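Data block below; observations after.
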Amino acid sequence: MMLGALLLLPLFVLPLWNITLEAPQYPESIGMDIYINRFEGAEPSDIKNINIMNHYVGMEDIPETIPEFDYFPIVIAGMAILGLIVGFIGRKKLYLSWFILMTILGTIGMYDFYQWEYEYGHNLKENAAIKFTTPDGEPMSYQPPLIGAKMILNFKAISMPRAGAYLMFLGMGLTVLAFYQGKKEEGYEEELATN
């Protein structure tokens with residue numbers, strides 16, 4: 001359990017998510033890593049290049065900061081501390097409660113990320129230099145996928161978890177494993193007590 005909680009701490013230095021854009025004009029691809037407290041280009045000029053491209057179709061610039069960057073680190077630190085306390089107490093039901101709370105918070109985080117992508121890809125400036133429409137004449141949107149790949153014009157947008165997310169998932173999995181291991185040990189001890 002304690003190891004599972006500690007595996008949240010790398011989120012302070014490792015990226016949680018990544019969005020990459022592949023296109024013929026960018027043979028090396030461009031992209032950005034999303035941390036719990038900042039956006040960072042995969043290469044130093046990537047965010048600048050994304051903002052230049054997005055400007056032509058009326059998308060907002062990728063902001064330097066968003067409100068979530070203020071509270072995500074607090075939530076992660078709080079859950080790590082809570083997980084260590086739960087592990088120290090050693091009550092198996094609390095392990096499951098911590099996992100459920102992490103799952104709820106993670107779901108809220110993914111929904112927030114989806115909403116951010118939606119707003120970013122749909123709220124276009126009226127004075128955009130280039131306006132694309134769908135086959136039925138509607139203004140085109142440029143929302144990247146929540147997870148996976150999607151073609152947007154001649155760009156392949158790829159959105160995938162990164163090292164921080166994988167460690168978080170591993171930590172949550174270890175917590176469930178600790179819960180079931182504890183239940184198994186309790187059952188074994190009860191069986192010994194009755195014999």
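A note on labels: chains of the structure tokens are A, B, ... as shown, every chain counts residues from 1, and ligands are counted from 1 in their shown order.
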
Any idea what's packed within 12 Å of Thr133 of chain A, counting only C-alpha atoms, ignoring anything in its chain fewer than 5 positions away? Could you give it as a compact mmCIF listing (two decimals) with N, CA, C and O atoms, in the first residue's frame?
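Written out: result.txt:
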# COMPACT_ATOMS: atom_id res chain seq x y z
N VAL A 57 -6.07 28.95 -37.82
CA VAL A 57 -7.43 28.39 -37.85
C VAL A 57 -8.31 28.95 -36.74
O VAL A 57 -9.45 28.53 -36.56
N GLU A 138 -20.54 22.65 -41.85
CA GLU A 138 -20.35 23.13 -40.48
C GLU A 138 -18.89 23.52 -40.25
O GLU A 138 -17.99 22.92 -40.85
N PRO A 139 -18.63 24.53 -39.39
CA PRO A 139 -17.23 24.86 -39.08
C PRO A 139 -16.52 23.64 -38.49
O PRO A 139 -17.07 22.92 -37.67
N MET A 140 -15.32 23.40 -38.95
CA MET A 140 -14.55 22.26 -38.48
C MET A 140 -14.02 22.53 -37.08
O MET A 140 -13.71 23.66 -36.72
N SER A 141 -13.94 21.47 -36.28
CA SER A 141 -13.34 21.59 -34.95
C SER A 141 -11.99 20.87 -34.98
O SER A 141 -11.72 20.05 -35.84
N TYR A 142 -11.15 21.21 -34.02
CA TYR A 142 -9.78 20.70 -34.00
C TYR A 142 -9.45 20.04 -32.67
O TYR A 142 -8.34 20.13 -32.17
N ILE A 152 -6.67 15.17 -38.06
CA ILE A 152 -7.23 16.52 -38.09
C ILE A 152 -6.56 17.22 -39.26
O ILE A 152 -5.38 17.57 -39.18
N LEU A 153 -7.31 17.39 -40.36
CA LEU A 153 -6.74 17.85 -41.62
C LEU A 153 -5.60 16.90 -42.01
O LEU A 153 -5.82 15.70 -42.08

Rows by chain and residue number, segment 76-155 of chain A within 9 Å of segment 13-26 of chain A, shortest pair, only C-alpha atoms, as CSV:
residue,atom,partner,partner_atom,distance
A:Pro144,CA,A:Ile19,CA,7.9
A:Pro145,CA,A:Ile19,CA,8.9
A:Asn154,CA,A:Ala23,CA,6.1
A:Phe155,CA,A:Ala23,CA,4.8

If you run DSSP on the backbone here, which positions in chain A get helix (DSSP H, G or I)? Please write them as an mmCIF file with C-alpha atoms, in the first residue's frame.
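Here's the written file selection.cif:
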data_model
loop_
_atom_site.group_PDB
_atom_site.id
_atom_site.type_symbol
_atom_site.label_atom_id
_atom_site.label_comp_id
_atom_site.auth_asym_id
_atom_site.auth_seq_id
_atom_site.Cartn_x
_atom_site.Cartn_y
_atom_site.Cartn_z
ATOM 1 C CA MET A 2 2.716 2.456 0.958
ATOM 2 C CA LEU A 3 4.617 1.778 -2.269
ATOM 3 C CA GLY A 4 1.435 2.454 -4.225
ATOM 4 C CA ALA A 5 1.076 5.840 -2.524
ATOM 5 C CA LEU A 6 4.741 6.700 -3.066
ATOM 6 C CA LEU A 9 5.331 11.342 -6.140
ATOM 7 C CA PRO A 10 7.088 10.983 -9.542
ATOM 8 C CA LEU A 11 4.161 12.987 -10.973
ATOM 9 C CA PHE A 12 5.959 16.069 -9.658
ATOM 10 C CA ASP A 46 7.169 22.918 -30.109
ATOM 11 C CA ILE A 47 4.579 24.938 -28.178
ATOM 12 C CA LYS A 48 5.532 28.065 -30.120
ATOM 13 C CA ASN A 49 5.104 26.141 -33.407
ATOM 14 C CA ILE A 50 1.749 24.696 -32.298
ATOM 15 C CA ASN A 51 0.523 28.187 -31.366
ATOM 16 C CA ILE A 52 1.605 29.571 -34.768
ATOM 17 C CA MET A 53 -0.314 26.823 -36.613
ATOM 18 C CA ASN A 54 -3.357 27.155 -34.362
ATOM 19 C CA HIS A 55 -3.466 30.921 -34.876
ATOM 20 C CA TYR A 56 -4.327 30.480 -38.562
ATOM 21 C CA VAL A 57 -7.435 28.391 -37.853
ATOM 22 C CA GLU A 68 -5.783 23.107 -12.549
ATOM 23 C CA PHE A 69 -2.026 23.587 -12.202
ATOM 24 C CA ASP A 70 -2.686 25.259 -8.831
ATOM 25 C CA TYR A 71 -4.607 22.391 -7.280
ATOM 26 C CA PHE A 72 -3.394 19.201 -9.047
ATOM 27 C CA PRO A 73 -0.106 19.200 -7.058
ATOM 28 C CA ILE A 74 -2.058 19.670 -3.806
ATOM 29 C CA VAL A 75 -4.386 16.765 -4.660
ATOM 30 C CA ILE A 76 -1.476 14.473 -5.596
ATOM 31 C CA ALA A 77 0.513 15.350 -2.459
ATOM 32 C CA GLY A 78 -2.611 14.907 -0.313
ATOM 33 C CA MET A 79 -3.380 11.490 -1.808
ATOM 34 C CA ALA A 80 0.228 10.354 -1.358
ATOM 35 C CA ILE A 81 0.175 11.414 2.317
ATOM 36 C CA LEU A 82 -3.261 9.836 2.834
ATOM 37 C CA GLY A 83 -2.016 6.625 1.205
ATOM 38 C CA LEU A 84 0.994 6.495 3.540
ATOM 39 C CA ILE A 85 -1.277 7.022 6.570
ATOM 40 C CA VAL A 86 -3.648 4.290 5.346
ATOM 41 C CA GLY A 87 -0.677 1.961 4.771
ATOM 42 C CA PHE A 88 0.650 2.689 8.257
ATOM 43 C CA ILE A 89 -2.768 2.010 9.834
ATOM 44 C CA LYS A 92 -7.425 -3.432 4.394
ATOM 45 C CA LYS A 93 -10.820 -1.763 3.858
ATOM 46 C CA LEU A 94 -9.065 1.597 3.878
ATOM 47 C CA TYR A 95 -6.817 0.372 1.041
ATOM 48 C CA LEU A 96 -9.899 -0.133 -1.099
ATOM 49 C CA SER A 97 -11.320 3.240 -0.013
ATOM 50 C CA TRP A 98 -8.087 4.969 -1.071
ATOM 51 C CA PHE A 99 -8.213 3.200 -4.447
ATOM 52 C CA ILE A 100 -11.852 4.229 -4.995
ATOM 53 C CA LEU A 101 -11.052 7.848 -4.076
ATOM 54 C CA MET A 102 -8.077 7.825 -6.485
ATOM 55 C CA THR A 103 -10.324 6.387 -9.209
ATOM 56 C CA ILE A 104 -12.924 9.121 -8.643
ATOM 57 C CA LEU A 105 -10.271 11.861 -8.672
ATOM 58 C CA GLY A 106 -8.666 10.361 -11.787
ATOM 59 C CA THR A 107 -12.046 10.243 -13.548
ATOM 60 C CA ILE A 108 -12.677 13.887 -12.653
ATOM 61 C CA GLY A 109 -9.204 14.749 -13.958
ATOM 62 C CA MET A 110 -9.824 12.943 -17.269
ATOM 63 C CA TYR A 111 -13.203 14.667 -17.651
ATOM 64 C CA ASP A 112 -11.541 18.025 -16.987
ATOM 65 C CA PHE A 113 -8.876 17.208 -19.590
ATOM 66 C CA TYR A 114 -11.607 16.285 -22.115
ATOM 67 C CA GLN A 115 -13.432 19.567 -21.409
ATOM 68 C CA TRP A 116 -10.208 21.514 -21.860
ATOM 69 C CA GLU A 117 -9.566 19.766 -25.208
ATOM 70 C CA TYR A 118 -13.166 20.383 -26.284
ATOM 71 C CA GLU A 119 -13.044 24.119 -25.518
ATOM 72 C CA TYR A 120 -9.616 24.405 -27.118
ATOM 73 C CA GLY A 121 -10.701 22.646 -30.323
ATOM 74 C CA HIS A 122 -14.210 24.103 -30.721
ATOM 75 C CA ALA A 163 5.539 7.790 -17.471
ATOM 76 C CA GLY A 164 3.851 9.651 -14.601
ATOM 77 C CA ALA A 165 0.435 8.230 -15.502
ATOM 78 C CA TYR A 166 1.797 4.687 -15.843
ATOM 79 C CA LEU A 167 3.424 4.901 -12.405
ATOM 80 C CA MET A 168 0.172 6.238 -10.943
ATOM 81 C CA PHE A 169 -1.771 3.318 -12.502
ATOM 82 C CA LEU A 170 0.852 0.900 -11.169
ATOM 83 C CA GLY A 171 0.534 2.417 -7.686
ATOM 84 C CA MET A 172 -3.241 2.049 -7.800
ATOM 85 C CA GLY A 173 -2.885 -1.548 -8.977
ATOM 86 C CA LEU A 174 -0.464 -2.336 -6.134
ATOM 87 C CA THR A 175 -3.012 -0.944 -3.687
ATOM 88 C CA VAL A 176 -5.708 -3.305 -4.998
ATOM 89 C CA LEU A 177 -3.200 -6.159 -4.825
ATOM 90 C CA ALA A 178 -2.390 -5.237 -1.210
ATOM 91 C CA PHE A 179 -6.115 -5.219 -0.407
ATOM 92 C CA TYR A 180 -6.660 -8.728 -1.828
ATOM 93 C CA GLN A 181 -3.445 -10.040 -0.285
ATOM 94 C CA GLY A 182 -4.586 -8.704 3.085
ATOM 95 C CA LYS A 183 -8.014 -10.308 2.685
ATOM 96 C CA LYS A 184 -6.350 -13.630 1.830
ATOM 97 C CA GLU A 185 -4.113 -13.410 4.910
ATOM 98 C CA GLU A 186 -7.107 -12.550 7.121
ATOM 99 C CA GLY A 187 -8.979 -15.590 5.761
ATOM 100 C CA TYR A 188 -5.951 -17.807 6.409
ATOM 101 C CA GLU A 189 -5.607 -16.486 9.974
ATOM 102 C CA GLU A 190 -9.323 -17.076 10.628
ATOM 103 C CA GLU A 191 -8.984 -20.615 9.301
ATOM 104 C CA LEU A 192 -6.023 -21.269 11.638
ATOM 105 C CA ALA A 193 -7.958 -19.846 14.588
ATOM 106 C CA THR A 194 -10.897 -22.215 14.013
#

Atom pair atom CA of Ala149 of chain A / atom CA of Glu64 of chain A: separation (Å): 24.7 Å

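One distance worth recording is that between atom CA of Lys156 of chain A and atom CA of Met32 of chain A, which is 14.1 Å.
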
Test item, strand (DSSP E or B) assignment across segment 1-125 of chain A, answer as a count of residues only: 19

Interatomic distance, atom CA of Met151 of chain A to atom CA of Arg38 of chain A (Å, one decimal): 25.7 Å

Of the listed residues A:Leu146, A:Met1, A:Ile66, A:Ile130, that which approaches Pro161 of chain A most closely, counting only C-alpha atoms: A:Leu146

Minimum-distance residue to Phe39 of chain A, chosen among A:Thr65, A:Asn123, A:Thr134, A:Gln143 (using only C-alpha atoms): A:Thr65
